[in-house]
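The structure appears below as structure tokens.
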Amino acid sequence: MTTASELAVLRALERAGNHKVPRSERGGLKDVPSWEIYTHRPPVDPSSLDKLLTHAWDLPAAVGFSEELISALDSYTRTLLASGHAFDRNDLQRVLARLR
């Protein structure tokens, strides 16, 4: 479940990065993976998170992720975007450990 959760979070971060900074506006960030774009910009305003994460959890829901897991992943992703901190596998594992 850790790998699938990691992929889901990275995909959500990628979607948010692509919404926040379109390819045409990336300039010097062209070599930065989409899921890391947010770390090179000011933190996301919390009021923008719903828009940036629209449909981000549709695929995990479709493949059977529980509502509890999606909620935890969404919370973790929102924290990263609002703080500007980079994704960290160990942090995600701590989030997942709280669900067990």
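Just remember, in the structure tokens the first chain shown is A, the second B, etc., residues are 1-based per chain, and ligands are 1-based in the order shown.
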
Do a neighbour search on Arg23 of chain A at 12 Å with only C-alpha atoms, toss out local chain neighbours closer than 6 positions, and write the hits as a PDB file with N, CA, C and O atoms, in the first residue's frame.
```
ATOM      1  N   GLU A  14       1.787  16.484  -8.819  1.00  0.00           N
ATOM      2  CA  GLU A  14       2.014  16.774 -10.224  1.00  0.00           C
ATOM      3  C   GLU A  14       0.853  17.586 -10.798  1.00  0.00           C
ATOM      4  O   GLU A  14       1.056  18.594 -11.480  1.00  0.00           O
ATOM      5  N   GLY A  17       1.047  21.061  -9.415  1.00  0.00           N
ATOM      6  CA  GLY A  17       2.148  21.795 -10.041  1.00  0.00           C
ATOM      7  C   GLY A  17       1.812  22.241 -11.446  1.00  0.00           C
ATOM      8  O   GLY A  17       2.105  23.372 -11.843  1.00  0.00           O
ATOM      9  N   LEU A  29      12.546  26.245 -14.801  1.00  0.00           N
ATOM     10  CA  LEU A  29      12.091  25.044 -14.101  1.00  0.00           C
ATOM     11  C   LEU A  29      11.738  23.910 -15.058  1.00  0.00           C
ATOM     12  O   LEU A  29      11.154  22.919 -14.656  1.00  0.00           O
ATOM     13  N   LYS A  30      12.099  24.048 -16.322  1.00  0.00           N
ATOM     14  CA  LYS A  30      11.722  23.039 -17.312  1.00  0.00           C
ATOM     15  C   LYS A  30      12.263  21.651 -16.983  1.00  0.00           C
ATOM     16  O   LYS A  30      11.661  20.658 -17.348  1.00  0.00           O
ATOM     17  N   ASP A  31      13.392  21.577 -16.281  1.00  0.00           N
ATOM     18  CA  ASP A  31      13.980  20.280 -15.934  1.00  0.00           C
ATOM     19  C   ASP A  31      13.498  19.742 -14.588  1.00  0.00           C
ATOM     20  O   ASP A  31      13.897  18.668 -14.173  1.00  0.00           O
ATOM     21  N   VAL A  32      12.658  20.503 -13.910  1.00  0.00           N
ATOM     22  CA  VAL A  32      12.123  20.093 -12.614  1.00  0.00           C
ATOM     23  C   VAL A  32      10.890  19.222 -12.855  1.00  0.00           C
ATOM     24  O   VAL A  32       9.995  19.628 -13.597  1.00  0.00           O
ATOM     25  N   PRO A  33      10.839  18.035 -12.245  1.00  0.00           N
ATOM     26  CA  PRO A  33       9.641  17.197 -12.415  1.00  0.00           C
ATOM     27  C   PRO A  33       8.390  17.943 -11.950  1.00  0.00           C
ATOM     28  O   PRO A  33       8.436  18.723 -10.994  1.00  0.00           O
ATOM     29  N   SER A  34       7.285  17.673 -12.622  1.00  0.00           N
ATOM     30  CA  SER A  34       6.026  18.370 -12.310  1.00  0.00           C
ATOM     31  C   SER A  34       5.633  18.244 -10.848  1.00  0.00           C
ATOM     32  O   SER A  34       5.067  19.161 -10.273  1.00  0.00           O
ATOM     33  N   ILE A  37       7.461  20.995  -8.767  1.00  0.00           N
ATOM     34  CA  ILE A  37       7.342  22.408  -9.147  1.00  0.00           C
ATOM     35  C   ILE A  37       6.939  23.273  -7.952  1.00  0.00           C
ATOM     36  O   ILE A  37       7.488  24.350  -7.744  1.00  0.00           O
TER      37      ILE A  37
END
```

* Give me the residues within 10 Å of Ala4 of chain A as a list in words, counting only C-alpha atoms and dropping any in the same chain fewer than 4 places off. =>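 Here the qualifying residues turn out to be Ala8, Val9, Leu10, Pro60 and Phe65 of chain A.
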
* Identify all residues of chain A in alpha helix (DSSP H) (DSSP on the backbone) and supply them as a PyMOL selection string. => chain A and resi 2-20+49-52+58-62+67-83+89-97

* To do: Select, from A:Ser24, A:Thr3, A:Ala97, A:Ala82, the residue with the minimum atom-to-atom distance to Pro43 of chain A, counting only C-alpha atoms.
  => A:Ala82

* What is the distance, in Å and to one decimal place, between atom CA of His55 of chain A and atom CA of Ala12 of chain A? ->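 Atom CA of Ala12 of chain A lies 8.8 Å from atom CA of His55 of chain A.
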
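Counting from atom CA of Ile70 of chain A, the distance to atom CA of Leu96 of chain A is 10.6 Å.
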
* Write out as a VMD selection string which residues come within 9 Å of segment 84-86 of chain A when counting only C-alpha atoms, dropping same-chain ones fewer than 5 positions away. => chain A and resid 36 38 to 44 79

Go ahead and dump the residues you just picked, C-alpha atoms, as a short mmCIF file (atom, residue, chain, number, x, y, z; two decimals), in the first residue's frame.
```
data_model
loop_
_atom_site.label_atom_id
_atom_site.label_comp_id
_atom_site.auth_asym_id
_atom_site.auth_seq_id
_atom_site.Cartn_x
_atom_site.Cartn_y
_atom_site.Cartn_z
CA GLU A 36 8.32 19.13 -7.47
CA TYR A 38 5.49 23.62 -6.04
CA THR A 39 8.74 23.51 -4.02
CA HIS A 40 10.25 26.15 -6.32
CA ARG A 41 7.42 28.64 -5.87
CA PRO A 42 5.93 30.38 -2.83
CA PRO A 43 3.71 28.04 -0.79
CA VAL A 44 0.20 27.58 -2.11
CA THR A 79 0.27 20.20 4.05
#
```

* **Point-to-point distance from atom CA of Arg78 of chain A to atom CA of Ser47 of chain A, Å rounded to tenths** =>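 Between atom CA of Arg78 of chain A and atom CA of Ser47 of chain A the gap is 10.7 Å.
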
* Tell me, as a PyMOL selection string, which residues lie within 12 Å of Thr54 of chain A, counting only C-alpha atoms; anything in the same chain fewer than 5 positions away does not count. => chain A and resi 12-13+15-16+19+48-49+59+74

* **Selected residue, from A:Arg89, A:Glu6, A:Lys20, A:Ser66, that lies nearest to Lys51 of chain A when counting only C-alpha atoms** =>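 Checking each candidate against Lys51 of chain A, we get A:Lys20 as the closest.
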
* Asked: Which residue, A:Arg94, A:Ala56, A:Trp35, A:Glu68, has the smallest gap to Leu80 of chain A when you use only C-alpha atoms?
  -> A:Trp35
